[in-house]
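A.B. asks: Just so it is clear, I am handing over protein05.cif, which has mmCIF, C-alpha atoms and all ligand atoms.
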data_query
#
loop_
_atom_site.group_PDB
_atom_site.id
_atom_site.type_symbol
_atom_site.label_atom_id
_atom_site.label_comp_id
_atom_site.auth_asym_id
_atom_site.auth_seq_id
_atom_site.Cartn_x
_atom_site.Cartn_y
_atom_site.Cartn_z
ATOM 1 C CA MET A 1 -48.527 13.624 69.635
ATOM 2 C CA ARG A 2 -51.485 11.274 70.329
ATOM 3 C CA LEU A 3 -51.165 9.552 73.696
ATOM 4 C CA LYS A 4 -51.286 5.764 73.700
ATOM 5 C CA MET A 5 -54.420 4.244 75.223
ATOM 6 C CA GLU A 6 -53.721 2.835 78.703
ATOM 7 C CA ILE A 7 -54.583 -0.733 79.692
ATOM 8 C CA TYR A 8 -54.401 -1.878 83.308
ATOM 9 C CA ILE A 9 -53.920 -5.612 83.781
ATOM 10 C CA LEU A 10 -54.918 -6.762 87.278
ATOM 11 C CA GLY A 11 -52.713 -9.768 88.003
ATOM 12 C CA ASN A 12 -49.105 -10.668 87.336
ATOM 13 C CA GLY A 13 -49.157 -14.347 86.452
ATOM 14 C CA SER A 14 -48.366 -16.060 83.166
ATOM 15 C CA MET A 15 -51.562 -14.926 81.392
ATOM 16 C CA ALA A 16 -51.074 -11.322 82.529
ATOM 17 C CA GLU A 17 -47.492 -11.379 81.268
ATOM 18 C CA ALA A 18 -48.467 -12.863 77.896
ATOM 19 C CA MET A 19 -51.184 -10.238 77.315
ATOM 20 C CA ALA A 20 -49.002 -7.388 78.576
ATOM 21 C CA ILE A 21 -46.243 -8.258 76.124
ATOM 22 C CA GLY A 22 -48.715 -8.758 73.274
ATOM 23 C CA LEU A 23 -50.388 -5.397 73.955
ATOM 24 C CA SER A 24 -47.249 -3.388 74.693
ATOM 25 C CA SER A 25 -46.388 -2.454 71.107
ATOM 26 C CA LYS A 26 -49.672 -0.574 70.684
ATOM 27 C CA PHE A 27 -50.866 0.416 74.167
ATOM 28 C CA LYS A 28 -49.387 1.742 77.382
ATOM 29 C CA VAL A 29 -49.645 -1.276 79.676
ATOM 30 C CA ILE A 30 -49.675 -1.228 83.466
ATOM 31 C CA ILE A 31 -49.496 -4.436 85.501
ATOM 32 C CA VAL A 32 -51.405 -4.045 88.771
ATOM 33 C CA SER A 33 -50.223 -6.486 91.435
ATOM 34 C CA ARG A 34 -50.319 -7.194 95.150
ATOM 35 C CA GLU A 35 -46.546 -6.897 95.487
ATOM 36 C CA LYS A 36 -43.922 -4.907 93.607
ATOM 37 C CA GLN A 37 -42.798 -6.739 90.461
ATOM 38 C CA ASP A 38 -39.262 -6.710 89.107
ATOM 39 C CA SER A 39 -39.533 -9.241 86.231
ATOM 40 C CA ARG A 40 -37.229 -8.438 83.336
ATOM 41 C CA TYR A 41 -40.033 -8.343 80.788
ATOM 42 C CA LEU A 42 -41.446 -5.201 82.425
ATOM 43 C CA SER A 43 -38.435 -3.047 81.554
ATOM 44 C CA GLU A 44 -37.827 -4.883 78.269
ATOM 45 C CA PHE A 45 -41.337 -4.020 76.984
ATOM 46 C CA ASN A 46 -41.693 -0.711 78.836
ATOM 47 C CA ILE A 47 -44.536 -2.018 81.019
ATOM 48 C CA LYS A 48 -45.251 -0.144 84.244
ATOM 49 C CA ASN A 49 -46.193 -1.654 87.589
ATOM 50 C CA GLU A 50 -48.699 -0.372 90.173
ATOM 51 C CA LEU A 51 -49.921 -1.903 93.429
ATOM 52 C CA TYR A 52 -53.539 -2.475 94.467
ATOM 53 C CA GLY A 53 -53.222 -1.145 98.004
ATOM 54 C CA GLN A 54 -56.351 -1.350 100.169
ATOM 55 C CA LYS A 55 -58.437 0.337 97.450
ATOM 56 C CA TYR A 56 -57.716 0.607 93.745
ATOM 57 C CA ASP A 57 -59.266 3.357 91.635
ATOM 58 C CA ILE A 58 -60.577 2.120 88.270
ATOM 59 C CA GLU A 59 -62.436 5.309 87.332
ATOM 60 C CA GLY A 60 -62.349 5.736 83.532
ATOM 61 C CA LYS A 61 -59.747 2.967 83.124
ATOM 62 C CA ASN A 62 -59.567 0.068 80.686
ATOM 63 C CA ILE A 63 -58.994 -2.925 82.944
ATOM 64 C CA ILE A 64 -58.281 -6.592 82.285
ATOM 65 C CA LEU A 65 -58.846 -9.022 85.158
ATOM 66 C CA ALA A 66 -56.115 -11.696 85.061
ATOM 67 C CA PHE A 67 -55.890 -13.101 88.586
ATOM 68 C CA LYS A 68 -57.173 -16.452 89.832
ATOM 69 C CA PRO A 69 -60.970 -16.872 89.450
ATOM 70 C CA TYR A 70 -61.436 -17.533 93.187
ATOM 71 C CA ALA A 71 -60.065 -14.028 93.955
ATOM 72 C CA LEU A 72 -62.825 -12.209 92.019
ATOM 73 C CA LYS A 73 -64.917 -11.313 95.081
ATOM 74 C CA GLU A 74 -61.910 -10.222 97.129
ATOM 75 C CA VAL A 75 -60.463 -8.033 94.349
ATOM 76 C CA SER A 76 -63.895 -6.594 93.395
ATOM 77 C CA LYS A 77 -64.222 -5.183 96.936
ATOM 78 C CA LYS A 78 -60.973 -3.239 96.469
ATOM 79 C CA LEU A 79 -62.076 -1.583 93.229
ATOM 80 C CA VAL A 80 -63.575 1.911 93.425
ATOM 81 C CA GLY A 81 -64.954 4.070 90.602
ATOM 82 C CA LYS A 82 -66.424 3.116 87.246
ATOM 83 C CA ALA A 83 -64.161 1.565 84.625
ATOM 84 C CA GLU A 84 -64.445 2.383 80.940
ATOM 85 C CA ILE A 85 -64.195 -1.300 80.047
ATOM 86 C CA CYS A 86 -63.671 -4.382 82.189
ATOM 87 C CA ILE A 87 -62.441 -7.496 80.382
ATOM 88 C CA SER A 88 -62.252 -10.660 82.467
ATOM 89 C CA VAL A 89 -60.063 -13.550 81.298
ATOM 90 C CA LEU A 90 -60.907 -15.594 84.401
ATOM 91 C CA ALA A 91 -61.795 -19.199 83.630
ATOM 92 C CA MET A 92 -65.268 -20.424 84.540
ATOM 93 C CA THR A 93 -66.543 -16.859 84.960
ATOM 94 C CA LYS A 94 -69.745 -15.515 83.411
ATOM 95 C CA LEU A 95 -70.781 -11.928 82.596
ATOM 96 C CA GLU A 96 -73.194 -12.162 85.528
ATOM 97 C CA ASP A 97 -70.213 -12.768 87.875
ATOM 98 C CA LEU A 98 -68.742 -9.365 86.919
ATOM 99 C CA LYS A 99 -71.789 -7.416 88.094
ATOM 100 C CA HIS A 100 -70.043 -6.213 91.267
ATOM 101 C CA ILE A 101 -67.463 -4.343 89.190
ATOM 102 C CA ASP A 102 -68.750 -0.986 87.998
ATOM 103 C CA SER A 103 -67.923 -0.562 84.318
ATOM 104 C CA LYS A 104 -69.510 0.941 81.200
ATOM 105 C CA VAL A 105 -68.730 -2.256 79.310
ATOM 106 C CA ARG A 106 -68.212 -5.774 80.695
ATOM 107 C CA VAL A 107 -66.613 -8.525 78.656
ATOM 108 C CA CYS A 108 -65.728 -12.160 79.341
ATOM 109 C CA ALA A 109 -62.795 -13.293 77.219
ATOM 110 C CA MET A 110 -60.809 -16.487 76.961
ATOM 111 C CA PRO A 111 -57.380 -15.950 75.375
ATOM 112 C CA ASN A 112 -54.387 -18.285 75.508
ATOM 113 C CA ILE A 113 -50.749 -17.616 76.347
ATOM 114 C CA ALA A 114 -49.808 -17.347 72.665
ATOM 115 C CA ALA A 115 -50.963 -13.737 73.261
ATOM 116 C CA LYS A 116 -47.287 -13.153 74.033
ATOM 117 C CA PHE A 117 -46.517 -13.744 70.349
ATOM 118 C CA LYS A 118 -49.717 -12.010 69.148
ATOM 119 C CA ALA A 119 -51.017 -15.466 68.232
ATOM 120 C CA SER A 120 -53.792 -16.024 70.787
ATOM 121 C CA THR A 121 -57.140 -17.501 69.801
ATOM 122 C CA THR A 122 -59.436 -15.340 71.908
ATOM 123 C CA ILE A 123 -63.147 -15.955 72.400
ATOM 124 C CA TYR A 124 -65.187 -13.126 73.884
ATOM 125 C CA TYR A 125 -68.719 -12.474 75.023
ATOM 126 C CA THR A 126 -70.424 -9.224 75.954
ATOM 127 C CA ASN A 127 -73.921 -7.766 76.085
ATOM 128 C CA ASP A 128 -72.508 -4.284 75.468
ATOM 129 C CA ASP A 129 -70.920 -2.547 72.499
ATOM 130 C CA ASP A 130 -67.968 -4.749 71.597
ATOM 131 C CA SER A 131 -65.886 -2.300 69.548
ATOM 132 C CA LYS A 132 -63.362 -1.373 72.251
ATOM 133 C CA ALA A 133 -63.018 -4.981 73.428
ATOM 134 C CA ALA A 134 -62.316 -6.031 69.848
ATOM 135 C CA GLN A 135 -59.746 -3.237 69.460
ATOM 136 C CA ILE A 136 -57.877 -4.428 72.567
ATOM 137 C CA LEU A 137 -58.189 -8.197 72.151
ATOM 138 C CA LYS A 138 -57.283 -8.339 68.466
ATOM 139 C CA GLU A 139 -53.935 -6.763 69.317
ATOM 140 C CA PHE A 140 -52.725 -10.128 70.617
ATOM 141 C CA GLY A 141 -54.233 -12.535 68.092
ATOM 142 C CA ASP A 142 -57.408 -13.719 66.382
ATOM 143 C CA ILE A 143 -60.742 -12.909 68.027
ATOM 144 C CA TYR A 144 -64.137 -14.630 67.883
ATOM 145 C CA ARG A 145 -67.253 -13.087 69.403
ATOM 146 C CA VAL A 146 -69.859 -15.523 70.716
ATOM 147 C CA TYR A 147 -73.390 -14.811 71.884
ATOM 148 C CA SER A 148 -74.225 -17.092 74.808
ATOM 149 C CA ASP A 149 -72.656 -18.413 78.011
ATOM 150 C CA ASP A 150 -72.709 -21.960 76.609
ATOM 151 C CA GLU A 151 -70.986 -20.979 73.376
ATOM 152 C CA PHE A 152 -68.435 -19.025 75.409
ATOM 153 C CA LYS A 153 -67.707 -21.974 77.653
ATOM 154 C CA ILE A 154 -67.280 -24.514 74.844
ATOM 155 C CA SER A 155 -65.290 -22.192 72.559
ATOM 156 C CA GLY A 156 -63.062 -21.145 75.456
ATOM 157 C CA VAL A 157 -62.264 -24.764 76.222
ATOM 158 C CA VAL A 158 -61.301 -25.309 72.579
ATOM 159 C CA SER A 159 -58.923 -22.338 72.486
ATOM 160 C CA GLY A 160 -57.541 -23.185 75.922
ATOM 161 C CA CYS A 161 -57.145 -26.954 75.558
ATOM 162 C CA VAL A 162 -56.215 -27.506 71.929
ATOM 163 C CA PRO A 163 -52.640 -26.203 72.481
ATOM 164 C CA ALA A 164 -52.134 -28.835 75.210
ATOM 165 C CA TYR A 165 -53.666 -31.631 73.090
ATOM 166 C CA LEU A 166 -51.426 -30.683 70.160
ATOM 167 C CA ALA A 167 -48.395 -30.417 72.453
ATOM 168 C CA LEU A 168 -48.942 -34.093 73.337
ATOM 169 C CA ILE A 169 -49.047 -35.064 69.653
ATOM 170 C CA ASN A 170 -46.030 -32.918 68.894
ATOM 171 C CA GLU A 171 -44.000 -34.447 71.721
ATOM 172 C CA ALA A 172 -45.067 -37.989 70.821
ATOM 173 C CA LEU A 173 -43.969 -37.460 67.224
ATOM 174 C CA GLN A 174 -40.631 -36.052 68.379
ATOM 175 C CA ASN A 175 -40.143 -39.095 70.615
ATOM 176 C CA GLY A 176 -41.097 -41.316 67.664
ATOM 177 C CA CYS A 177 -38.436 -39.656 65.486
ATOM 178 C CA VAL A 178 -35.797 -40.234 68.180
ATOM 179 C CA ARG A 179 -36.957 -43.852 68.479
ATOM 180 C CA GLU A 180 -36.331 -44.254 64.744
ATOM 181 C CA GLY A 181 -32.814 -42.815 65.123
ATOM 182 C CA ILE A 182 -33.116 -39.089 64.397
ATOM 183 C CA ASN A 183 -31.358 -36.719 66.791
ATOM 184 C CA LYS A 184 -33.492 -34.632 69.179
ATOM 185 C CA GLU A 185 -32.767 -31.240 67.611
ATOM 186 C CA LEU A 186 -33.626 -32.404 64.107
ATOM 187 C CA ALA A 187 -36.709 -34.233 65.447
ATOM 188 C CA ARG A 188 -37.979 -31.000 67.036
ATOM 189 C CA SER A 189 -37.354 -28.922 63.917
ATOM 190 C CA LEU A 190 -38.939 -31.509 61.612
ATOM 191 C CA VAL A 191 -42.068 -31.952 63.697
ATOM 192 C CA ASN A 192 -42.529 -28.205 64.268
ATOM 193 C CA SER A 193 -42.020 -27.482 60.603
ATOM 194 C CA SER A 194 -44.530 -30.210 59.685
ATOM 195 C CA PHE A 195 -47.047 -28.589 62.072
ATOM 196 C CA LYS A 196 -46.443 -25.267 60.296
ATOM 197 C CA SER A 197 -46.975 -26.859 56.868
ATOM 198 C CA SER A 198 -50.141 -28.581 58.124
ATOM 199 C CA VAL A 199 -51.617 -25.325 59.449
ATOM 200 C CA GLU A 200 -51.036 -23.689 56.070
ATOM 201 C CA LEU A 201 -52.721 -26.619 54.301
ATOM 202 C CA MET A 202 -55.626 -26.678 56.758
ATOM 203 C CA GLN A 203 -56.257 -23.007 56.136
ATOM 204 C CA ASN A 204 -56.639 -23.790 52.456
ATOM 205 C CA PHE A 205 -58.371 -27.195 52.487
ATOM 206 C CA HIS A 206 -60.952 -28.987 54.607
ATOM 207 C CA PRO A 207 -59.070 -31.627 56.696
ATOM 208 C CA ALA A 208 -60.748 -34.486 54.800
ATOM 209 C CA ILE A 209 -59.509 -33.105 51.461
ATOM 210 C CA MET A 210 -56.068 -32.397 52.872
ATOM 211 C CA LYS A 211 -55.822 -36.001 54.077
ATOM 212 C CA GLU A 212 -56.951 -37.265 50.655
ATOM 213 C CA LYS A 213 -54.230 -35.202 49.022
ATOM 214 C CA VAL A 214 -51.400 -36.692 51.107
ATOM 215 C CA CYS A 215 -52.514 -40.344 51.108
ATOM 216 C CA SER A 216 -51.528 -42.315 48.016
ATOM 217 C CA PRO A 217 -52.752 -45.862 47.206
ATOM 218 C CA LYS A 218 -50.916 -48.491 49.238
ATOM 219 C CA GLY A 219 -48.747 -45.659 50.539
ATOM 220 C CA MET A 220 -47.063 -45.151 53.885
ATOM 221 C CA THR A 221 -49.311 -42.257 54.998
ATOM 222 C CA ILE A 222 -52.549 -44.237 54.621
ATOM 223 C CA GLU A 223 -50.876 -47.059 56.555
ATOM 224 C CA GLY A 224 -50.302 -44.732 59.521
ATOM 225 C CA VAL A 225 -53.753 -43.171 59.135
ATOM 226 C CA TYR A 226 -55.321 -46.663 59.160
ATOM 227 C CA PHE A 227 -53.485 -47.521 62.397
ATOM 228 C CA LEU A 228 -54.667 -44.288 64.073
ATOM 229 C CA GLU A 229 -58.268 -44.819 62.911
ATOM 230 C CA LYS A 230 -58.241 -48.466 64.024
ATOM 231 C CA ASN A 231 -57.262 -47.259 67.500
ATOM 232 C CA GLY A 232 -60.074 -44.743 67.668
ATOM 233 C CA ILE A 233 -58.091 -41.516 67.302
ATOM 234 C CA ARG A 234 -61.170 -39.429 66.453
ATOM 235 C CA GLY A 235 -63.224 -40.783 69.336
ATOM 236 C CA ILE A 236 -60.308 -40.184 71.717
ATOM 237 C CA PHE A 237 -60.095 -36.490 70.792
ATOM 238 C CA MET A 238 -63.851 -36.010 70.798
ATOM 239 C CA GLU A 239 -64.044 -37.592 74.232
ATOM 240 C CA ALA A 240 -61.086 -35.530 75.516
ATOM 241 C CA LEU A 241 -62.872 -32.349 74.448
ATOM 242 C CA ASN A 242 -66.098 -33.537 76.054
ATOM 243 C CA ARG A 243 -64.249 -34.291 79.310
ATOM 244 C CA SER A 244 -62.517 -30.898 79.322
ATOM 245 C CA ILE A 245 -65.830 -29.127 78.724
ATOM 246 C CA ASN A 246 -67.637 -31.026 81.461
ATOM 247 C CA LYS A 247 -64.866 -30.840 84.074
ATOM 248 C CA LYS A 248 -66.380 -29.573 87.328
HETATM 249 N N1 LIG A 301 -52.617 -19.615 81.796
HETATM 250 C C1 LIG A 301 -53.473 -19.733 80.791
HETATM 251 O O1 LIG A 301 -53.204 -20.384 79.783
HETATM 252 C C2 LIG A 301 -54.820 -19.033 80.866
HETATM 253 C C3 LIG A 301 -55.636 -18.974 79.708
HETATM 254 C C4 LIG A 301 -56.851 -18.295 79.779
HETATM 255 C C5 LIG A 301 -57.264 -17.704 80.974
HETATM 256 N N2 LIG A 301 -56.471 -17.812 82.076
HETATM 257 C C6 LIG A 301 -56.945 -17.177 83.311
HETATM 258 O O2 LIG A 301 -56.009 -16.192 83.679
HETATM 259 C C7 LIG A 301 -56.022 -16.043 85.089
HETATM 260 C C8 LIG A 301 -54.597 -16.101 85.596
HETATM 261 O O3 LIG A 301 -54.062 -17.355 85.247
HETATM 262 P P1 LIG A 301 -52.482 -17.571 85.194
HETATM 263 O O4 LIG A 301 -52.254 -18.796 84.413
HETATM 264 O O5 LIG A 301 -51.803 -16.305 84.804
HETATM 265 O O6 LIG A 301 -52.204 -17.884 86.743
HETATM 266 P P2 LIG A 301 -50.875 -17.670 87.584
HETATM 267 O O7 LIG A 301 -49.685 -17.568 86.712
HETATM 268 O O8 LIG A 301 -50.921 -18.705 88.634
HETATM 269 O O9 LIG A 301 -51.120 -16.234 88.262
HETATM 270 C C9 LIG A 301 -52.144 -16.070 89.200
HETATM 271 C C10 LIG A 301 -52.322 -14.603 89.486
HETATM 272 O O10 LIG A 301 -53.448 -14.458 90.364
HETATM 273 C C11 LIG A 301 -53.074 -13.597 91.408
HETATM 274 N N3 LIG A 301 -53.844 -13.881 92.603
HETATM 275 C C12 LIG A 301 -54.025 -15.080 93.207
HETATM 276 N N4 LIG A 301 -54.795 -14.923 94.300
HETATM 277 C C13 LIG A 301 -55.098 -13.595 94.393
HETATM 278 C C14 LIG A 301 -55.848 -12.813 95.300
HETATM 279 N N5 LIG A 301 -56.464 -13.379 96.343
HETATM 280 N N6 LIG A 301 -55.937 -11.480 95.053
HETATM 281 C C15 LIG A 301 -55.339 -10.910 93.994
HETATM 282 N N7 LIG A 301 -54.606 -11.604 93.093
HETATM 283 C C16 LIG A 301 -54.491 -12.928 93.299
HETATM 284 C C17 LIG A 301 -51.591 -13.894 91.639
HETATM 285 O O11 LIG A 301 -51.028 -12.821 92.345
HETATM 286 P P3 LIG A 301 -49.766 -13.049 93.340
HETATM 287 O O12 LIG A 301 -48.558 -13.183 92.454
HETATM 288 O O13 LIG A 301 -49.773 -11.827 94.173
HETATM 289 O O14 LIG A 301 -50.051 -14.311 94.114
HETATM 290 C C18 LIG A 301 -51.132 -13.961 90.184
HETATM 291 O O15 LIG A 301 -50.968 -12.685 89.654
HETATM 292 C C19 LIG A 301 -56.893 -17.154 85.662
HETATM 293 O O16 LIG A 301 -58.142 -16.612 86.022
HETATM 294 C C20 LIG A 301 -57.054 -18.115 84.507
HETATM 295 O O17 LIG A 301 -58.309 -18.750 84.542
HETATM 296 C C21 LIG A 301 -55.253 -18.441 82.060
#
Now, as a test, write the supplied structure out as structure tokens.

C.D. replies:
Amino acid sequence: MRLKMEIYILGNGSMAEAMAIGLSSKFKVIIVSREKQDSRYLSEFNIKNELYGQKYDIEGKNIILAFKPYALKEVSKKLVGKAEICISVLAMTKLEDLKHIDSKVRVCAMPNIAAKFKASTTIYYTNDDDSKAAQILKEFGDIYRVYSDDEFKISGVVSGCVPAYLALINEALQNGCVREGINKELARSLVNSSFKSSVELMQNFHPAIMKEKVCSPKGMTIEGVYFLEKNGIRGIFMEALNRSINKK
């Protein structure tokens, strides 16, 4: 029987959990943490737990860094040996920042927590052979390789922030439904289902064409679209993205 490839995730926060669950169906996943973990998801998805200790041996291992970015220096000092691949998902971290970790391949990646449902949008950047990184990262969603630090930064902000922007719209529409007299449960189902329909349409049509298709002359949709445009909806989102990207 072929043994499953092992992946060691350094960190035990929400991103580590999401990736561990997303990867667990294909790989043997080990969460490496500072203290013993007893979260239910570990046993549920057959994920093992190891501790760093004073030194942690990464020789020949596939490791994913998923702790807080400020801890990179501190954790790097604990790592001994040469990893097979080192994938960092730390925000605001460049390939250059990983130079203190000995590894055949170094990768900066920016997934999102939909990795838990194998639905992450993951951007990654490496100067090495990307085949193993792609094999690992695509297990929890769609992957996009970029070729510069700038592209990585901007694309990572898109994949990281868009879920929050859309959550605001989703919640506002649910509140709007309740305001009009629809109960909360139905409001949630209707809005979520409309999001699902919209994604399907957007995958098949450019947004401008999709909008054309649902707006009829003197209709109610164009009335709402007009109100949103009059209030600068496009500029608001473009500025929000610009602010997220330029946040220091
Ligand atoms: N959440 C997201 O949507 C998302 C998306 C993309 C990338 N990321 C990146 O993923 C990483 C983790 O984020 P998160 O949301 O999972 O954060 P989180 O839930 O707050 O977890 C933080 C993790 O960092 C560990 N940590 C903190 N200080 C440490 C230190 N000095 N040494 C070793 N470990 C330390 C914590 O360990 P203890 O439990 O021992 O304190 C914990 O495992 C961050 O670098 C973030 O930029 C997050």

A.B. asks: On this structure, the PyMOL selection byres (((chain A and resi 105) around 7) and not hetatm) would catch which residues? List them as a PyMOL selection string, sorted by chain and number.

C.D. replies: chain A and resi 84-86+103-104+106-107+128

A.B. asks: Hey, what's within 10 Å of A:Pro69 if we count all atoms listed in the file and toss same-chain stuff fewer than 4 positions away? As a PyMOL selection string, please?

C.D. replies: chain A and resi 65+73+88-93

A.B. asks: Please determine, counting all atoms listed in the file, which residue among A:Ser24, A:Ser148, A:Asn112, A:Asn170 has the shortest atom-to-atom distance to A:Arg188.

C.D. replies: A:Asn170

A.B. asks: Apply the PyMOL selection byres (((chain A and resi 17) around 12) and not hetatm) to the displayed file and report the matching residues as a PyMOL selection string.

C.D. replies: chain A and resi 8-16+18-24+29-33+37+39-42+45+47-49+64+66-67+112-117+140

A.B. asks: Let me see the file: selected residues, C-alpha atoms, as a tab-separated table (two decimals), keeping the file's coordinate frame.

C.D. replies:
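So result_24.tsv came out as:
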chain	number	residue	atom	x	y	z
A	8	TYR	CA	-54.40	-1.88	83.31
A	9	ILE	CA	-53.92	-5.61	83.78
A	10	LEU	CA	-54.92	-6.76	87.28
A	11	GLY	CA	-52.71	-9.77	88.00
A	12	ASN	CA	-49.10	-10.67	87.34
A	13	GLY	CA	-49.16	-14.35	86.45
A	14	SER	CA	-48.37	-16.06	83.17
A	15	MET	CA	-51.56	-14.93	81.39
A	16	ALA	CA	-51.07	-11.32	82.53
A	18	ALA	CA	-48.47	-12.86	77.90
A	19	MET	CA	-51.18	-10.24	77.32
A	20	ALA	CA	-49.00	-7.39	78.58
A	21	ILE	CA	-46.24	-8.26	76.12
A	22	GLY	CA	-48.72	-8.76	73.27
A	23	LEU	CA	-50.39	-5.40	73.96
A	24	SER	CA	-47.25	-3.39	74.69
A	29	VAL	CA	-49.64	-1.28	79.68
A	30	ILE	CA	-49.68	-1.23	83.47
A	31	ILE	CA	-49.50	-4.44	85.50
A	32	VAL	CA	-51.40	-4.04	88.77
A	33	SER	CA	-50.22	-6.49	91.44
A	37	GLN	CA	-42.80	-6.74	90.46
A	39	SER	CA	-39.53	-9.24	86.23
A	40	ARG	CA	-37.23	-8.44	83.34
A	41	TYR	CA	-40.03	-8.34	80.79
A	42	LEU	CA	-41.45	-5.20	82.42
A	45	PHE	CA	-41.34	-4.02	76.98
A	47	ILE	CA	-44.54	-2.02	81.02
A	48	LYS	CA	-45.25	-0.14	84.24
A	49	ASN	CA	-46.19	-1.65	87.59
A	64	ILE	CA	-58.28	-6.59	82.28
A	66	ALA	CA	-56.12	-11.70	85.06
A	67	PHE	CA	-55.89	-13.10	88.59
A	112	ASN	CA	-54.39	-18.28	75.51
A	113	ILE	CA	-50.75	-17.62	76.35
A	114	ALA	CA	-49.81	-17.35	72.67
A	115	ALA	CA	-50.96	-13.74	73.26
A	116	LYS	CA	-47.29	-13.15	74.03
A	117	PHE	CA	-46.52	-13.74	70.35
A	140	PHE	CA	-52.72	-10.13	70.62

A.B. asks: Which centre and which edge lengths, in Å to one decimal, describe the axis-aligned box that holds all listed atoms of ligand LIG 301 (chain A) after 6 Å is added on each side, as JSON?

C.D. replies:
{"center_x": -53.4, "center_y": -15.6, "center_z": 88.0, "size_x": 21.8, "size_y": 21.5, "size_z": 28.6}

A.B. asks: Do you know which residues lie at most 10 Å from (-57.0, 5.1, 78.3), with coordinates as in the file and only C-alpha atoms counted, and could you write them as a PyMOL selection string?

C.D. replies: chain A and resi 3-8+27-29+60-63+84-85

A.B. asks: Kindly resolve the PyMOL selection byres (((chain A and resi 34) around 7) and not hetatm) on the present coordinates and return the residues as a list of chain:residue names.

C.D. replies: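 Expected selection for the PyMOL selection byres (((chain A and resi 34) around 7) and not hetatm) here is A:Ser33, A:Glu35, A:Lys36, A:Leu51, A:Tyr52.
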
A.B. asks: How many Å separate atom CA of A:Lys78 from atom CA of A:Leu137?

C.D. replies: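 So the two atoms, atom CA of A:Lys78 and atom CA of A:Leu137, lie 25.0 Å apart.
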
A.B. asks: At a cut-off of 9 Å around the point (-70.2, -8.5, 75.7) (file coordinates), what residues fall inside when counting all atoms listed in the file? I'd like the answer as a list in words.

C.D. replies: Leu95, Val105, Arg106, Val107, Cys108, Ala109, Tyr124, Tyr125, Thr126, Asn127, Asp128, Asp129, Asp130, Ala133, Arg145, Val146 and Tyr147 of chain A

A.B. asks: Taking into account only C-alpha atoms and all ligand atoms, which residue in the set A:Thr121, A:Ser43, A:Ser25, A:Glu200 is nearest to ligand LIG 301 (chain A)?

C.D. replies: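 Among the listed residues, A:Thr121 lies closest to ligand LIG 301 (chain A).
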
A.B. asks: One decimal, in Å: what's the spacing between atom CA of A:Glu239 and atom CA of A:Lys153?

C.D. replies: 16.4 Å

A.B. asks: Please determine, counting only C-alpha atoms, which residue among A:Asn192, A:Asn183, A:Ser131, A:Thr122 has the shortest atom-to-atom distance to A:Ala167.

C.D. replies: A:Asn192

A.B. asks: Which residue is closest to ligand LIG 301 (chain A)? Choose from A:Ala240, A:Leu72, A:Ile58, A:Ile245 and count all atoms listed in the file.

C.D. replies: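 For ligand LIG 301 (chain A), the nearest of the candidates is A:Leu72.
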
A.B. asks: Find the distance between atom CA of A:Asn175 and atom C2 of ligand LIG 301 (chain A) and write it in Å to one decimal.

C.D. replies: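 That distance, rounded to one decimal, is 26.9 Å.
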
A.B. asks: Under the rule that all atoms listed in the file are counted, which of A:Lys230, A:Thr221, A:Ser76, A:Ala172 is the nearest residue to A:Asp97?

C.D. replies: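 Smallest separation from A:Asp97 among the options: A:Ser76.
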
A.B. asks: Looking at A:Glu223, A:Glu180, A:Asp149, A:Asp38, which one is nearest to A:Lys94, with distances taken over all atoms listed in the file?

C.D. replies: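 Looking at the shortest contact to A:Lys94, the residue is A:Asp149.
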
A.B. asks: Can you list, as a ChimeraX atom specification, every protein, DNA or RNA residue that comes within 10 Å of A:Ile154 when you count only C-alpha atoms, leaving out same-chain residues fewer than 3 positions away?

C.D. replies: /A:123,149-151,157-160,241-242,244-246

A.B. asks: If we count all atoms listed in the file, what is near A:Asp102 at a cut-off of 8 Å, once residues fewer than 2 positions away on the same chain are taken out, given as a compact mmCIF listing (two decimals) with C-alpha atoms, keeping the file's coordinate frame?

C.D. replies:
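Written output follows (out-v7.txt):
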# COMPACT_ATOMS: atom_id res chain seq x y z
CA GLY A 81 -64.95 4.07 90.60
CA LYS A 82 -66.42 3.12 87.25
CA ALA A 83 -64.16 1.56 84.62
CA LYS A 99 -71.79 -7.42 88.09
CA HIS A 100 -70.04 -6.21 91.27
CA LYS A 104 -69.51 0.94 81.20
